[in-house]
Structure formats: C-alpha cells, structure tokens
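Next up, my_file21.txt (compact mmCIF, C-alpha atoms):
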```txt
# COMPACT_ATOMS: atom_id res chain seq x y z
CA MET A 1 57.94 -74.38 -30.25
CA ARG A 2 60.57 -75.99 -28.04
CA VAL A 3 61.41 -79.60 -28.93
CA CYS A 4 63.43 -81.91 -26.67
CA VAL A 5 65.48 -84.36 -28.72
CA PRO A 6 67.15 -87.44 -27.16
CA LEU A 7 70.85 -87.95 -27.74
CA GLY A 8 72.17 -91.46 -28.31
CA ALA A 9 70.48 -94.35 -30.09
CA LEU A 10 67.26 -92.52 -30.95
CA PHE A 11 68.89 -89.32 -32.17
CA ALA A 12 69.31 -90.07 -35.90
CA ASP A 13 65.79 -91.46 -36.30
CA ALA A 14 64.35 -88.60 -34.26
CA VAL A 15 66.02 -86.05 -36.54
CA GLU A 16 64.75 -87.91 -39.61
CA ALA A 17 61.18 -87.87 -38.28
CA LEU A 18 61.41 -84.21 -37.30
CA SER A 19 62.78 -83.29 -40.73
CA ARG A 20 59.34 -83.99 -42.22
CA ALA A 21 57.76 -81.42 -39.91
CA THR A 22 60.29 -78.66 -39.27
CA ASP A 23 63.77 -77.31 -39.99
CA VAL A 24 66.35 -79.67 -38.47
CA ARG A 25 69.48 -78.21 -40.06
CA PRO A 26 70.82 -76.87 -36.73
CA LEU A 27 70.87 -80.45 -35.41
CA ALA A 28 73.32 -81.51 -38.11
CA ASP A 29 76.21 -79.66 -36.49
CA LEU A 30 75.56 -79.45 -32.76
CA GLY A 31 79.15 -79.52 -31.58
CA ARG A 32 78.97 -79.07 -27.82
CA ARG A 33 75.83 -76.96 -27.95
CA LEU A 34 72.82 -78.29 -26.06
CA VAL A 35 70.28 -75.73 -27.29
CA VAL A 36 70.01 -74.62 -30.93
CA GLU A 37 67.46 -72.56 -32.83
CA ALA A 38 66.15 -73.06 -36.36
CA GLY A 39 65.12 -70.39 -38.80
CA ASP A 40 61.44 -71.36 -38.53
CA GLY A 41 61.36 -70.49 -34.83
CA THR A 42 61.81 -74.03 -33.50
CA THR A 43 64.16 -74.36 -30.53
CA TYR A 44 65.83 -77.74 -30.03
CA ILE A 45 66.92 -78.92 -26.60
CA THR A 46 69.17 -81.98 -26.64
CA THR A 47 69.63 -84.21 -23.62
CA ARG A 48 69.96 -87.81 -22.47
CA PRO A 49 66.82 -89.87 -23.17
CA SER A 50 65.90 -90.40 -19.52
CA ASP A 51 65.79 -86.63 -18.97
CA VAL A 52 63.43 -85.81 -21.86
CA PRO A 53 60.23 -86.33 -19.82
CA THR A 54 61.62 -84.14 -17.03
CA TYR A 55 62.09 -81.16 -19.36
CA VAL A 56 58.71 -81.69 -21.00
CA GLU A 57 56.81 -82.17 -17.74
CA ALA A 58 58.37 -79.03 -16.27
CA GLY A 59 57.53 -76.96 -19.36
CA ALA A 60 61.13 -76.31 -20.36
CA ALA A 61 60.18 -78.04 -23.63
CA ASP A 62 56.76 -78.12 -25.28
CA VAL A 63 57.23 -81.55 -26.85
CA GLY A 64 59.86 -84.27 -26.78
CA ILE A 65 60.78 -87.66 -28.19
CA VAL A 66 61.43 -90.55 -25.81
CA GLY A 67 61.17 -94.33 -25.63
CA LYS A 68 58.04 -95.91 -24.18
CA ASP A 69 60.28 -97.73 -21.69
CA VAL A 70 61.26 -94.40 -20.11
CA LEU A 71 57.62 -93.35 -19.86
CA ILE A 72 56.54 -96.58 -18.20
CA GLU A 73 59.42 -96.53 -15.72
CA GLY A 74 59.21 -92.84 -14.80
CA ALA A 75 55.43 -92.31 -15.15
CA PRO A 76 55.81 -88.57 -15.89
CA ASP A 77 52.76 -86.29 -16.01
CA VAL A 78 52.84 -85.62 -19.76
CA ILE A 79 50.57 -86.27 -22.74
CA GLU A 80 51.59 -89.12 -25.02
CA VAL A 81 50.73 -87.64 -28.41
CA ALA A 82 51.88 -90.28 -30.90
CA ASP A 83 53.81 -93.51 -31.42
CA LEU A 84 56.59 -92.62 -33.87
CA GLY A 85 57.30 -96.26 -34.67
CA PHE A 86 61.11 -96.25 -34.64
CA GLY A 87 63.57 -97.43 -32.01
CA ALA A 88 61.72 -100.70 -31.43
CA CYS A 89 63.07 -102.95 -28.70
CA ARG A 90 61.65 -105.36 -26.14
CA MET A 91 61.65 -105.24 -22.36
CA VAL A 92 62.49 -108.77 -21.25
CA TYR A 93 63.20 -110.90 -18.23
CA ALA A 94 66.38 -112.94 -18.81
CA THR A 95 68.46 -115.42 -16.84
CA LEU A 96 71.55 -117.50 -17.41
CA ALA A 97 71.14 -120.17 -20.09
CA GLY A 98 70.19 -123.67 -18.98
CA ASP A 99 67.43 -124.46 -16.53
CA ASP A 100 65.38 -121.42 -15.56
CA PRO A 101 66.42 -120.60 -11.95
CA THR A 102 63.21 -118.65 -11.28
CA PRO A 103 60.92 -121.48 -10.06
CA ASP A 104 63.63 -122.87 -7.78
CA ALA A 105 64.38 -119.42 -6.31
CA ILE A 106 60.71 -118.88 -5.58
CA ALA A 107 60.38 -122.35 -4.04
CA ARG A 108 63.47 -121.98 -1.83
CA MET A 109 63.46 -118.28 -0.98
CA GLY A 110 59.86 -117.28 -1.58
CA GLY A 111 60.88 -114.95 -4.37
CA VAL A 112 63.34 -114.21 -7.13
CA ARG A 113 66.11 -111.60 -7.07
CA VAL A 114 66.08 -109.40 -10.18
CA ALA A 115 68.63 -106.78 -11.21
CA SER A 116 67.43 -103.90 -13.36
CA LYS A 117 67.67 -100.22 -14.24
CA TYR A 118 63.89 -100.44 -14.54
CA ALA A 119 62.88 -101.08 -10.93
CA ARG A 120 59.24 -100.05 -11.38
CA VAL A 121 58.81 -102.16 -14.52
CA ALA A 122 60.40 -105.22 -12.90
CA ARG A 123 58.44 -104.89 -9.66
CA GLU A 124 55.10 -104.42 -11.41
CA HIS A 125 55.72 -107.27 -13.86
CA PHE A 126 56.38 -109.83 -11.15
CA ALA A 127 53.55 -108.52 -8.97
CA ALA A 128 51.14 -108.79 -11.90
CA THR A 129 52.12 -112.42 -12.39
CA GLY A 130 51.70 -113.24 -8.70
CA ARG A 131 55.39 -113.72 -7.89
CA GLN A 132 57.52 -112.12 -5.21
CA ALA A 133 60.63 -110.33 -6.47
CA GLU A 134 63.46 -108.50 -4.75
CA ILE A 135 64.63 -105.77 -7.10
CA VAL A 136 68.30 -104.81 -7.13
CA ARG A 137 68.78 -101.48 -8.91
CA VAL A 138 71.87 -101.27 -11.11
CA ASN A 139 72.80 -98.51 -13.52
CA GLY A 140 75.67 -100.06 -15.45
CA SER A 141 75.92 -103.32 -17.38
CA VAL A 142 72.97 -105.17 -15.89
CA GLU A 143 74.04 -108.42 -17.61
CA LEU A 144 76.85 -108.69 -15.07
CA ALA A 145 74.51 -109.26 -12.11
CA PRO A 146 73.57 -112.94 -12.71
CA LEU A 147 77.11 -113.76 -13.86
CA VAL A 148 78.51 -112.95 -10.41
CA GLY A 149 75.57 -114.14 -8.34
CA LEU A 150 74.08 -110.74 -7.53
CA SER A 151 70.72 -111.78 -8.97
CA ASP A 152 68.80 -114.70 -10.43
CA GLY A 153 67.88 -112.73 -13.52
CA ILE A 154 67.57 -109.29 -15.07
CA VAL A 155 64.91 -107.07 -16.56
CA ASP A 156 66.31 -104.99 -19.40
CA LEU A 157 65.79 -103.82 -22.97
CA ALA A 158 66.82 -106.10 -25.81
CA ALA A 159 66.87 -105.20 -29.48
CA THR A 160 68.59 -108.09 -31.23
CA GLY A 161 69.41 -110.09 -28.09
CA ARG A 162 73.09 -110.16 -29.02
CA THR A 163 74.35 -108.69 -25.73
CA LEU A 164 72.36 -111.27 -23.79
CA ARG A 165 73.73 -114.15 -25.87
CA GLU A 166 77.31 -112.92 -25.62
CA ASN A 167 76.99 -113.00 -21.84
CA GLY A 168 75.37 -116.42 -21.66
CA LEU A 169 71.85 -115.15 -20.96
CA VAL A 170 68.54 -116.15 -22.50
CA GLU A 171 65.17 -114.45 -22.61
CA ARG A 172 62.54 -116.07 -20.41
CA GLU A 173 59.65 -113.58 -20.66
CA GLU A 174 58.79 -110.61 -22.84
CA ILE A 175 57.23 -107.80 -20.81
CA PHE A 176 56.40 -105.22 -23.49
CA THR A 177 57.62 -103.69 -26.74
CA SER A 178 58.98 -100.16 -26.65
CA THR A 179 59.07 -97.62 -29.48
CA ALA A 180 59.77 -93.89 -29.63
CA ARG A 181 56.89 -91.64 -28.57
CA LEU A 182 56.15 -87.96 -29.03
CA ILE A 183 55.11 -86.46 -25.70
CA ALA A 184 53.82 -82.99 -24.85
CA ASN A 185 53.64 -80.75 -21.82
CA ARG A 186 50.00 -80.53 -20.70
CA ALA A 187 49.80 -76.74 -20.77
CA SER A 188 51.67 -76.57 -24.07
CA TYR A 189 49.30 -79.08 -25.63
CA THR A 190 46.37 -76.85 -24.71
CA LEU A 191 48.00 -73.65 -25.99
CA LEU A 192 49.71 -75.14 -29.06
CA HIS A 193 47.23 -77.87 -29.87
CA GLU A 194 46.85 -77.00 -33.56
CA ARG A 195 50.59 -76.52 -34.06
CA ILE A 196 51.39 -79.84 -32.40
CA ASP A 197 48.73 -81.64 -34.44
CA GLU A 198 50.18 -80.17 -37.65
CA PHE A 199 53.62 -81.21 -36.43
CA VAL A 200 52.46 -84.81 -35.94
CA ALA A 201 50.53 -84.92 -39.22
CA ALA A 202 53.73 -84.07 -41.11
CA MET A 203 55.61 -87.04 -39.65
CA PRO A 204 55.44 -90.36 -41.54
CA GLY A 205 53.95 -93.50 -40.08
CA VAL A 206 52.85 -92.17 -36.69
CA LEU A 207 50.08 -93.74 -34.66
CA ARG A 208 47.83 -91.97 -32.20
CA PRO A 209 47.54 -93.70 -28.81
```

So that I can check it, write out the structure of this file as structure tokens.
Amino acid sequence: MRVCVPLGALFADAVEALSRATDVRPLADLGRRLVVEAGDGTTYITTRPSDVPTYVEAGAADVGIVGKDVLIEGAPDVIEVADLGFGACRMVYATLAGDDPTPDAIARMGGVRVASKYARVAREHFAATGRQAEIVRVNGSVELAPLVGLSDGIVDLAATGRTLRENGLVEREEIFTSTARLIANRASYTLLHERIDEFVAAMPGVLRP
C-alpha cells in the first residue's frame, strides 16, 4: 500500500499514528528522500500537506493524511476514511483589535475585504452568513494584510492564537475546527477495502465520518 505522509507540523503525529498500523522505521531517517519503502511492503510518499490530496486523488498514493482545512478548501474527489484526532486547530475570521471593522465596511462599501490562503472557505463562510466579501488571496504571512490596509480582516488557521495576538489581531468568528484525516483514493478503497479498514482499526482514537 502506498501512503502519502505530510511533511511539516503534522509529520510527527502522523508517524506516531501510522506506527500502530505499519512499519514506519524508514520515516525515521528520510534525509532528502521523498519516497521510502518499509519491509512490510508499505511505500511512503512524503510531500507538503496541500499536495497530499492531489497524489491520493490521482492514484499515486492509495491513502494519505491531511488536515480537514485542506480538504474543505480544495474539495478533492477522495474518500474521507477517518478523523485521526490530532493536529487540531481552528479556522477563524480575525481583524485588528478594537472595534470590529466588519459592520462599518459592509455599511460603507457594501462588503468586507478579507485576505486569506483559503479563498473558498472565506467566500463560502461570508456567503452563508449573508454578507458580501471581496477575497484577496495571499500565500505568505496573512496577518500582514490588515496591518498595512490591504484588508479589513483575515481568514486563517489558529492553534493557540499567539501569532494573531503578537500582530495585534483578535478572533471575531470561528468557522470550523480542523483535525488530521485519513483519506483514500476511490479505486484503491474499493480494491484494498479490507486492508485499509485493518489499517484504520490499528490506529488509536480514530473516528469514522
């Protein structure tokens, strides 16, 4: 089975979860290798979190681990097999501290300007609450946008909220909570259904969707 593992913040917890189900020793010393094989026949593909659904959807990996935020934003055609429970963070709408500029922006301009890496999430959140929003896509430090007047607020992930506070921002609305999910390629889930179910059953604390 080919397993796509996200590098970065989710990596250590992903390896810990996988260790209950399969041989993860090759992941302990990756070096610069992006693909490694274990003695039990498992092949690990390591990549940035946002690319995990791409590899799984295309069938380059049978299963993968990725945050719910990535799934909601990208809407890939994959099967969400289980909630793994780790990597919890919140998707929030935040603005500069003080009076919330959102009502005034809507009153004056007819809508609010929001900076985010998560354009789909931001657009759908404001549409669902009956408010117009102009979405400005940024890929770097999104907290910068309201500091320099690029936007009225931001939509971004927050774990502890420390980065927001250090930049003078406060949470105004929580949109959803994100945790790590195990996803599967549709064809792979049909062909390897029993193996994937055994894989999930061996992991601690998982929840079926």

List as JSON lines every residue of region 144-203 of chain A that is in contact with region 21-24 of chain A, defined as an atom at most 7 Å from one of its atoms (using only C-alpha atoms), together with the nearest atom pair and the distance in Å rounded to one decimal, sorted by chain and then rising number.
```
{"residue": "A:Phe199", "atom": "CA", "partner": "A:Ala21", "partner_atom": "CA", "distance": 5.4}
{"residue": "A:Ala202", "atom": "CA", "partner": "A:Ala21", "partner_atom": "CA", "distance": 5.0}
{"residue": "A:Met203", "atom": "CA", "partner": "A:Ala21", "partner_atom": "CA", "distance": 6.0}
```

Could you build a table of the residues in region 130-180 of chain A lying no more than 7 Å from region 91-106 of chain A, giving for each the nearest pair of atoms and their separation in Å rounded to one decimal place, using all atoms listed in the file, ordered by chain and ascending residue number, as JSON lines?
```
{"residue": "A:Pro146", "atom": "CA", "partner": "A:Leu96", "partner_atom": "CA", "distance": 6.9}
{"residue": "A:Asp152", "atom": "CA", "partner": "A:Thr95", "partner_atom": "CA", "distance": 6.5}
{"residue": "A:Gly153", "atom": "CA", "partner": "A:Thr95", "partner_atom": "CA", "distance": 4.3}
{"residue": "A:Ile154", "atom": "CA", "partner": "A:Ala94", "partner_atom": "CA", "distance": 5.4}
{"residue": "A:Val155", "atom": "CA", "partner": "A:Tyr93", "partner_atom": "CA", "distance": 4.5}
{"residue": "A:Asp156", "atom": "CA", "partner": "A:Met91", "partner_atom": "CA", "distance": 5.5}
{"residue": "A:Leu157", "atom": "CA", "partner": "A:Met91", "partner_atom": "CA", "distance": 4.4}
{"residue": "A:Ala158", "atom": "CA", "partner": "A:Met91", "partner_atom": "CA", "distance": 6.3}
{"residue": "A:Gly168", "atom": "CA", "partner": "A:Leu96", "partner_atom": "CA", "distance": 5.8}
{"residue": "A:Leu169", "atom": "CA", "partner": "A:Leu96", "partner_atom": "CA", "distance": 4.3}
{"residue": "A:Val170", "atom": "CA", "partner": "A:Ala94", "partner_atom": "CA", "distance": 5.3}
{"residue": "A:Glu171", "atom": "CA", "partner": "A:Ala94", "partner_atom": "CA", "distance": 4.3}
{"residue": "A:Arg172", "atom": "CA", "partner": "A:Ala94", "partner_atom": "CA", "distance": 5.2}
{"residue": "A:Glu173", "atom": "CA", "partner": "A:Tyr93", "partner_atom": "CA", "distance": 5.1}
{"residue": "A:Glu174", "atom": "CA", "partner": "A:Val92", "partner_atom": "CA", "distance": 4.4}
{"residue": "A:Ile175", "atom": "CA", "partner": "A:Met91", "partner_atom": "CA", "distance": 5.3}
{"residue": "A:Phe176", "atom": "CA", "partner": "A:Met91", "partner_atom": "CA", "distance": 5.4}
{"residue": "A:Thr177", "atom": "CA", "partner": "A:Met91", "partner_atom": "CA", "distance": 6.2}
```

Which region 1-68 of chain A residues have any atom within 10 Å of an atom of region 82-86 of chain A, and for each, what is the nearest pair of atoms with distance in Å to one decimal, counting all atoms listed in the file, rows sorted by chain and number, as a Markdown table?
```
| residue | atom | partner | partner_atom | distance |
| --- | --- | --- | --- | --- |
| A:Leu10 | CA | A:Phe86 | CA | 8.1 |
| A:Asp13 | CA | A:Phe86 | CA | 6.9 |
| A:Ala14 | CA | A:Phe86 | CA | 8.3 |
| A:Ala17 | CA | A:Leu84 | CA | 7.9 |
| A:Ile65 | CA | A:Leu84 | CA | 8.6 |
| A:Val66 | CA | A:Leu84 | CA | 9.6 |
| A:Gly67 | CA | A:Phe86 | CA | 9.2 |
| A:Lys68 | CA | A:Asp83 | CA | 8.7 |
```

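Interatomic distance, CA of Val5 (chain A) against CA of Ile79 (chain A): 16.2 Å.
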
**Q.** Point-to-point distance from CA of Ser50 (chain A) to CA of Arg181 (chain A), Å rounded to tenths
**A.**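 These atoms are spaced 12.8 Å apart.
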
Q: Would you mind reading off the distance between CA of Gly205 (chain A) and CA of Thr54 (chain A), one decimal, in Å?
A: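 According to the coordinates, CA of Gly205 (chain A) and CA of Thr54 (chain A) are separated by 26.0 Å.
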
Q. Within 9 Å of (65.3, -78.5, -25.7), in the coordinates the file gives, what residues turn up when you count all atoms listed in the file, written out as a ChimeraX atom specification?
A. /A:2-5,34-36,43-47,52,55-56,60-64

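Near (69.7, -80.0, -40.9), the residues inside the 12 Å limit, counting only C-alpha atoms, come to Ala12, Val15, Glu16, Ala17, Leu18, Ser19, Arg20, Thr22, Asp23, Val24, Arg25, Pro26, Leu27, Ala28, Asp29, Leu30, Val36, Glu37, Ala38, Gly39 and Tyr44 of chain A.
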
Q: Using all atoms listed in the file, pick whichever of A:Ile72, A:Met109, A:Asn167, A:Asn139 has the shortest atom-to-atom distance to Glu124 (chain A).
A: A:Ile72

Around all of region 200-203 of chain A's listed atoms, make the axis-aligned box with 5 Å on each side and tell me centre and edge lengths in Å to one decimal, as lines of an AutoDock Vina configuration file.
```
center_x = 53.1
center_y = -85.6
center_z = -38.5
size_x = 15.1
size_y = 13.0
size_z = 15.2
```

Q: Would you mind telling me which residue in A:Glu80, A:Arg90, A:Arg162, A:Lys117 lies nearest to Tyr189 (chain A) when using all atoms listed in the file?
A: A:Glu80

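Of the residues under consideration (A:Arg33, A:Pro49, A:Ala201, A:Gly41), A:Gly41 shows the shortest atom-to-atom contact distance to Met1 (chain A) when counting only C-alpha atoms.
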
Q: Pick out the closest residue to Gly87 (chain A) from this set: A:Val206, A:Ala145, A:Ala128, A:Ala159. Count only C-alpha atoms.
A: A:Ala159

Q) Of the residues A:Thr42, A:Thr190, A:Ser116, A:Asn185, which is the one nearest to Leu150 (chain A), using only C-alpha atoms? A)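 Answer, going by the shortest atom-to-atom distance: A:Ser116.
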